[in-house]
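Structure record follows, encoded as structure tokens.
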Amino acid sequence: MYEAGLLAQCPCSGGGQGIPPLVLFGIAAVGAWLVYRVWRAWRKDVVYRMSKIWKIGLVVVLAAVVAIVIINKQKDSSPGTDAAGQNAAQSQPAAGLPRLLDLGSITCIPCKMMAPILEGLKKEYAGRLQVEFIDVMANPDAGTPYKISLIPTQIFFDAAGKERFRHEGFFSKEDILAKWKELGVDLSAGAPAQAPQAAAGPTFSRMEPAKADDRPKAAICTMCDGDINPKTLVVVKSAKGDVRLCGPHCYFIMYSCLTEDKTDFEKKVSVTDWAGGKAVPATEAVYLYGADEKTGRPTIKAFASRDAAEKERQATGGNLLAWNVLQEKELAARCGFCDRAVYPQDAARVDTSDGIHTWGCCSHCALGVAARTGKDITIYQPDRLTGEMIVVKTASGSVASLEPKTAVAWFGLRKAPDGKFVSAGCFHQGFFTSEDNLKKWVEQNPTATGKAITIAQALADKMKLTAQQIQKACKIGECAPK
């Protein structure tokens, strides 16, 4: 949003009633100064000085009078008086149609983002909605009656010309249509017949798995639901049983989510010796830290002895790390929404409008960065099926642009013990360049359940969260098996 400086009222204007207080004060001060100087000149009988003072005083008084005349003339002729402003707000739209008025400029960024939305609404709802735009920078007098302070500002008028609502900043098409609906204005009346699926957004869903997950519970990672490789198994002892994880990285993701007291927590953790297959206390193991040649994603192997770790290092490369160094590296990159530990290679990249670069541990948490920071953001998230990049830009909490425009979100859900559906967690969400790609991915993942939604809806869901809900997002109260 940008300040509409040309329309801002001076704080010393006194509300536009009579002579402004600061002008009166100035006149009084000049008068007092003149009286004082005249009295001193009279006492000293310095005629020359007195004459000079009178000349200066006369100029000052004349300037003040001219200023007062100009101010009062502007006030009398201004279209921004209460009456004029009310007349503008009650203006009759053409043909008795509801009217959307956008006041902005052709230069500010959110105003530019509004332009295609306004043009689209004008064409799509021709004959049902009057859409207007006023460039208040090029024509400030036209915007004055509406008494706006920021641009862009959208004003909603009903068919009788009465103002019903106004919004400052970028406003998405979805939000505009939702607001009209909330105001009781039916824009569908008189619309040409359309196919049921037209403009309805994605409709695909699968609420029951195509195949039951028949894997042994001990073979499923508690964190990501992936398969556990016995050579990288991590076990955390808890009062409710063993928590089994597919590797050190999932352990550190879980660790970063815990809200329980984590003092000496690492003493509960054992890792698997890559060479011998036996459990080793996590703090006593030596870790070979490498990277995938193609993606750069870290790889971690634990060893009971340094000699075995060194032998593997010479064969495959990498660096040997102690537990405390490994933990520092694993917790260095965090999700900008829920603060989970992430690998950038797995995460969505998020850039904020003020130049901060962060990550989203999943596509939906990436959207949540806008809710947590209150900033406009740009998200770079690969399609989960093809890897093709999807770019989402937000403005004022709404989707400003989407590339490709056909991209959709998958809202992964699972059925809770009470029969209700809840979020399946970060590992089960995603963006796809099209609904067809999403369907193919679901076919490849027969146990996945959930539904396709628009990315705008996914963002709206995040923007509705309270500060307390954001603080608790993705947190795990205590370490315990599922």
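Chain labels A, B, ... are given in the sequence in which chains occur in the structure tokens; within each chain residues are numbered consecutively from 1, and ligands are likewise numbered from 1 in the order shown.
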- request: Could you pull out the residues in region 89-316 of chain A that DSSP calls alpha helix (DSSP H) from the backbone, as JSON, numbers by chain?
  value: {"A": [89, 109, 110, 111, 112, 113, 114, 115, 116, 117, 118, 119, 120, 121, 122, 123, 124, 140, 141, 142, 143, 173, 174, 175, 176, 177, 178, 179, 180, 181, 182, 248, 249, 250, 251, 252, 253, 254, 255, 256, 257, 306, 307, 308, 309, 310, 311, 312, 313, 314, 315, 316]}
Written file, previous selection with N, CA and C atoms, as a compact mmCIF listing (two decimals), in the first residue's frame:
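What landed in out-v1.txt:
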# COMPACT_ATOMS: atom_id res chain seq x y z
N ALA A 89 -20.67 9.71 -2.07
CA ALA A 89 -20.86 8.35 -1.57
C ALA A 89 -22.24 7.82 -1.90
N ILE A 109 2.61 -0.54 -6.89
CA ILE A 109 2.63 -1.97 -7.19
C ILE A 109 1.29 -2.65 -6.91
N PRO A 110 0.70 -2.50 -5.70
CA PRO A 110 -0.60 -3.16 -5.49
C PRO A 110 -1.69 -2.64 -6.41
N CYS A 111 -1.57 -1.35 -6.83
CA CYS A 111 -2.55 -0.81 -7.78
C CYS A 111 -2.43 -1.52 -9.12
N LYS A 112 -1.18 -1.77 -9.55
CA LYS A 112 -0.96 -2.48 -10.80
C LYS A 112 -1.53 -3.89 -10.72
N MET A 113 -1.40 -4.53 -9.53
CA MET A 113 -1.93 -5.87 -9.36
C MET A 113 -3.46 -5.88 -9.43
N MET A 114 -4.08 -4.75 -9.05
CA MET A 114 -5.54 -4.67 -9.09
C MET A 114 -6.06 -4.54 -10.52
N ALA A 115 -5.25 -3.97 -11.42
CA ALA A 115 -5.72 -3.65 -12.78
C ALA A 115 -6.33 -4.84 -13.51
N PRO A 116 -5.62 -5.98 -13.61
CA PRO A 116 -6.23 -7.12 -14.33
C PRO A 116 -7.46 -7.68 -13.64
N ILE A 117 -7.52 -7.57 -12.33
CA ILE A 117 -8.69 -8.05 -11.59
C ILE A 117 -9.90 -7.19 -11.93
N LEU A 118 -9.72 -5.86 -11.94
CA LEU A 118 -10.82 -4.95 -12.26
C LEU A 118 -11.29 -5.16 -13.70
N GLU A 119 -10.33 -5.32 -14.61
CA GLU A 119 -10.68 -5.52 -16.01
C GLU A 119 -11.45 -6.84 -16.18
N GLY A 120 -11.00 -7.88 -15.47
CA GLY A 120 -11.69 -9.15 -15.54
C GLY A 120 -13.11 -9.08 -14.99
N LEU A 121 -13.29 -8.39 -13.88
CA LEU A 121 -14.62 -8.23 -13.29
C LEU A 121 -15.53 -7.43 -14.22
N LYS A 122 -14.97 -6.41 -14.85
CA LYS A 122 -15.76 -5.57 -15.75
C LYS A 122 -16.31 -6.39 -16.91
N LYS A 123 -15.48 -7.28 -17.45
CA LYS A 123 -15.92 -8.11 -18.58
C LYS A 123 -16.84 -9.23 -18.14
N GLU A 124 -16.46 -9.91 -17.04
CA GLU A 124 -17.21 -11.08 -16.61
C GLU A 124 -18.60 -10.72 -16.09
N PRO A 140 -6.26 14.20 -8.75
CA PRO A 140 -6.55 14.20 -7.30
C PRO A 140 -7.91 14.76 -6.94
N ASP A 141 -8.43 15.75 -7.74
CA ASP A 141 -9.74 16.33 -7.42
C ASP A 141 -10.85 15.28 -7.49
N ALA A 142 -10.70 14.32 -8.42
CA ALA A 142 -11.73 13.29 -8.57
C ALA A 142 -11.78 12.36 -7.37
N GLY A 143 -10.66 12.20 -6.69
CA GLY A 143 -10.64 11.31 -5.54
C GLY A 143 -10.94 11.99 -4.23
N LYS A 173 -9.77 -11.12 -6.42
CA LYS A 173 -11.07 -11.34 -7.04
C LYS A 173 -11.96 -12.18 -6.14
N GLU A 174 -11.38 -13.23 -5.56
CA GLU A 174 -12.16 -14.11 -4.67
C GLU A 174 -12.71 -13.34 -3.48
N ASP A 175 -11.88 -12.47 -2.91
CA ASP A 175 -12.33 -11.69 -1.75
C ASP A 175 -13.39 -10.67 -2.14
N ILE A 176 -13.23 -10.07 -3.32
CA ILE A 176 -14.22 -9.10 -3.79
C ILE A 176 -15.59 -9.76 -3.98
N LEU A 177 -15.59 -10.91 -4.65
CA LEU A 177 -16.85 -11.62 -4.88
C LEU A 177 -17.46 -12.10 -3.57
N ALA A 178 -16.60 -12.55 -2.64
CA ALA A 178 -17.10 -13.00 -1.34
C ALA A 178 -17.72 -11.83 -0.58
N LYS A 179 -17.13 -10.65 -0.70
CA LYS A 179 -17.68 -9.47 -0.01
C LYS A 179 -19.03 -9.08 -0.59
N TRP A 180 -19.16 -9.12 -1.92
CA TRP A 180 -20.47 -8.82 -2.51
C TRP A 180 -21.52 -9.81 -2.00
N LYS A 181 -21.14 -11.07 -1.93
CA LYS A 181 -22.07 -12.09 -1.44
C LYS A 181 -22.45 -11.81 0.00
N GLU A 182 -21.45 -11.43 0.79
CA GLU A 182 -21.70 -11.11 2.21
C GLU A 182 -22.63 -9.91 2.34
N PRO A 248 18.29 -39.57 11.23
CA PRO A 248 18.58 -38.42 12.08
C PRO A 248 17.81 -37.16 11.69
N HIS A 249 17.60 -36.94 10.38
CA HIS A 249 16.91 -35.71 10.00
C HIS A 249 15.49 -35.66 10.53
N CYS A 250 14.75 -36.77 10.40
CA CYS A 250 13.39 -36.78 10.95
C CYS A 250 13.41 -36.64 12.46
N TYR A 251 14.46 -37.16 13.09
CA TYR A 251 14.58 -36.95 14.54
C TYR A 251 14.68 -35.46 14.85
N PHE A 252 15.51 -34.73 14.12
CA PHE A 252 15.69 -33.31 14.41
C PHE A 252 14.46 -32.49 14.03
N ILE A 253 13.71 -32.94 13.03
CA ILE A 253 12.43 -32.28 12.75
C ILE A 253 11.51 -32.43 13.96
N MET A 254 11.39 -33.65 14.47
CA MET A 254 10.56 -33.88 15.64
C MET A 254 11.05 -33.08 16.84
N TYR A 255 12.36 -33.08 17.05
CA TYR A 255 12.96 -32.36 18.19
C TYR A 255 12.61 -30.87 18.12
N SER A 256 12.64 -30.30 16.92
CA SER A 256 12.35 -28.87 16.77
C SER A 256 10.88 -28.54 17.02
N CYS A 257 10.00 -29.56 16.97
CA CYS A 257 8.56 -29.35 17.18
C CYS A 257 8.12 -29.56 18.62
N ARG A 306 35.05 -44.39 15.29
CA ARG A 306 35.62 -43.41 14.38
C ARG A 306 36.35 -44.09 13.23
N ASP A 307 36.98 -45.23 13.51
CA ASP A 307 37.71 -45.94 12.46
C ASP A 307 36.78 -46.37 11.34
N ALA A 308 35.62 -46.89 11.72
CA ALA A 308 34.64 -47.33 10.71
C ALA A 308 34.12 -46.14 9.92
N ALA A 309 33.90 -45.04 10.62
CA ALA A 309 33.41 -43.82 9.95
C ALA A 309 34.45 -43.29 8.98
N GLU A 310 35.73 -43.32 9.40
CA GLU A 310 36.81 -42.82 8.54
C GLU A 310 36.95 -43.70 7.29
N LYS A 311 36.80 -44.99 7.47
CA LYS A 311 36.89 -45.91 6.34
C LYS A 311 35.80 -45.60 5.31
N GLU A 312 34.59 -45.35 5.79
CA GLU A 312 33.48 -45.01 4.89
C GLU A 312 33.71 -43.65 4.23
N ARG A 313 34.27 -42.73 4.98
CA ARG A 313 34.54 -41.40 4.43
C ARG A 313 35.52 -41.48 3.26
N GLN A 314 36.55 -42.29 3.43
CA GLN A 314 37.53 -42.43 2.36
C GLN A 314 36.93 -43.05 1.10
N ALA A 315 35.90 -43.86 1.31
CA ALA A 315 35.26 -44.52 0.17
C ALA A 315 34.22 -43.63 -0.52
N THR A 316 33.50 -42.83 0.27
CA THR A 316 32.38 -42.07 -0.29
C THR A 316 32.51 -40.56 -0.16
message: Please list as a PyMOL selection string every residue within 10 Å of Asp461 (chain A), counting only C-alpha atoms and excluding residues in the same chain fewer than 6 positions away.
response: chain A and resi 364+367-368+371+455
task: May I ask which of the residues A:Ala159, A:Leu187, A:Glu388, A:Val236 is the closest one to Tyr125 (chain A), counting only C-alpha atoms?
output: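 With only C-alpha atoms as the atom set, the closest residue is A:Leu187.
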query: CA of Leu258 (chain A) and CA of Ile228 (chain A) are how many Å apart?
result: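 Computing the Euclidean distance for CA of Leu258 (chain A) and CA of Ile228 (chain A) yields 21.3 Å.
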query: When you draw a straight line from CA of Cys362 (chain A) to CA of Ser423 (chain A), how long is it in Å?
result: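 Computed distance, CA of Cys362 (chain A) to CA of Ser423 (chain A), equals 12.7 Å.
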Non-local contacts of Ala424 (chain A) (6 Å; only C-alpha atoms; under 6 positions in same chain excluded) as a list of chain:residue names: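 Using only C-alpha atoms, the neighbours found are A:Gly412, A:Leu413, A:Arg414.
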Mind writing the picked residues with N, CA and C atoms as a PDB file, in the first residue's frame?
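New file result29.pdb:
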ATOM      1  N   GLY A 412      -3.886 -32.460   2.220  1.00  0.00           N
ATOM      2  CA  GLY A 412      -3.855 -33.808   2.741  1.00  0.00           C
ATOM      3  C   GLY A 412      -4.612 -33.926   4.050  1.00  0.00           C
ATOM      4  N   LEU A 413      -5.500 -34.902   4.127  1.00  0.00           N
ATOM      5  CA  LEU A 413      -6.334 -35.100   5.317  1.00  0.00           C
ATOM      6  C   LEU A 413      -6.242 -36.551   5.778  1.00  0.00           C
ATOM      7  N   ARG A 414      -6.532 -36.761   7.041  1.00  0.00           N
ATOM      8  CA  ARG A 414      -6.628 -38.124   7.577  1.00  0.00           C
ATOM      9  C   ARG A 414      -7.823 -38.179   8.513  1.00  0.00           C
TER      10      ARG A 414
END
statement: Nearest to Asn324 (chain A), restricted to only C-alpha atoms and choosing among A:Glu284, A:Arg128, A:Phe303, A:Gly226, comes out as A:Glu284
- request: Identify which of the residues A:Glu435, A:Asp292, A:Asp354, A:Glu168 lies closest to Gln154 (chain A), counting only C-alpha atoms when measuring atom-to-atom distances.
  value: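 Under the stated criterion, the closest residue is A:Glu168.
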- request: Considering only C-alpha atoms, state which residue in the set A:Ser172, A:Glu260, A:Arg297, A:Asn319 is at the smallest distance from Gly477 (chain A).
  value: A:Glu260
- request: Would you kindly return, as a list of chain:residue names, each protein, DNA or RNA residue with an atom no farther than 8 Å from any atom of Phe411 (chain A), considering only C-alpha atoms and excluding same-chain residues fewer than 4 positions away?
  value: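 Listing them by chain and then by number gives A:Ser423, A:His428, A:Gln429, A:Gly430, A:Gly450, A:Lys451, A:Ala452, A:Ile453.
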Residues near Gly360 (chain A), cut-off 8 Å, only C-alpha atoms, skip fewer than 5 positions along chain, as a list in words: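 So, after excluding close chain neighbours, the residues are Cys335, Gly336, Phe337, Ala347, Ala348, Arg349, Val350, Cys365, Ala366, Leu367 and Val369 of chain A.
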task: With a distance cut-off of 9 Å and only C-alpha atoms, select the neighbouring residues of Arg334 (chain A), excluding the residue or stretch itself and same-chain residues fewer than 5 positions from it, and output the selection as number ranges by chain.
output: A: 256, 339-344, 358-361
- request: Skip region 269-273 of chain A itself and residues of its chain fewer than 6 positions away, then list as a ChimeraX atom specification all residues within 7 Å of it, counting only C-alpha atoms.
  value: /A:231-237,279-282,302-304
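Note that the spacing between CA of Leu459 (chain A) and CA of Glu478 (chain A) amounts to 28.6 Å.
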- prompt: Running DSSP on the backbone, which parts of region 347-400 of chain A land in strand (DSSP E or B), as a ChimeraX atom specification?
  reply: /A:348-352,357-360,377-382,389-395,398-400
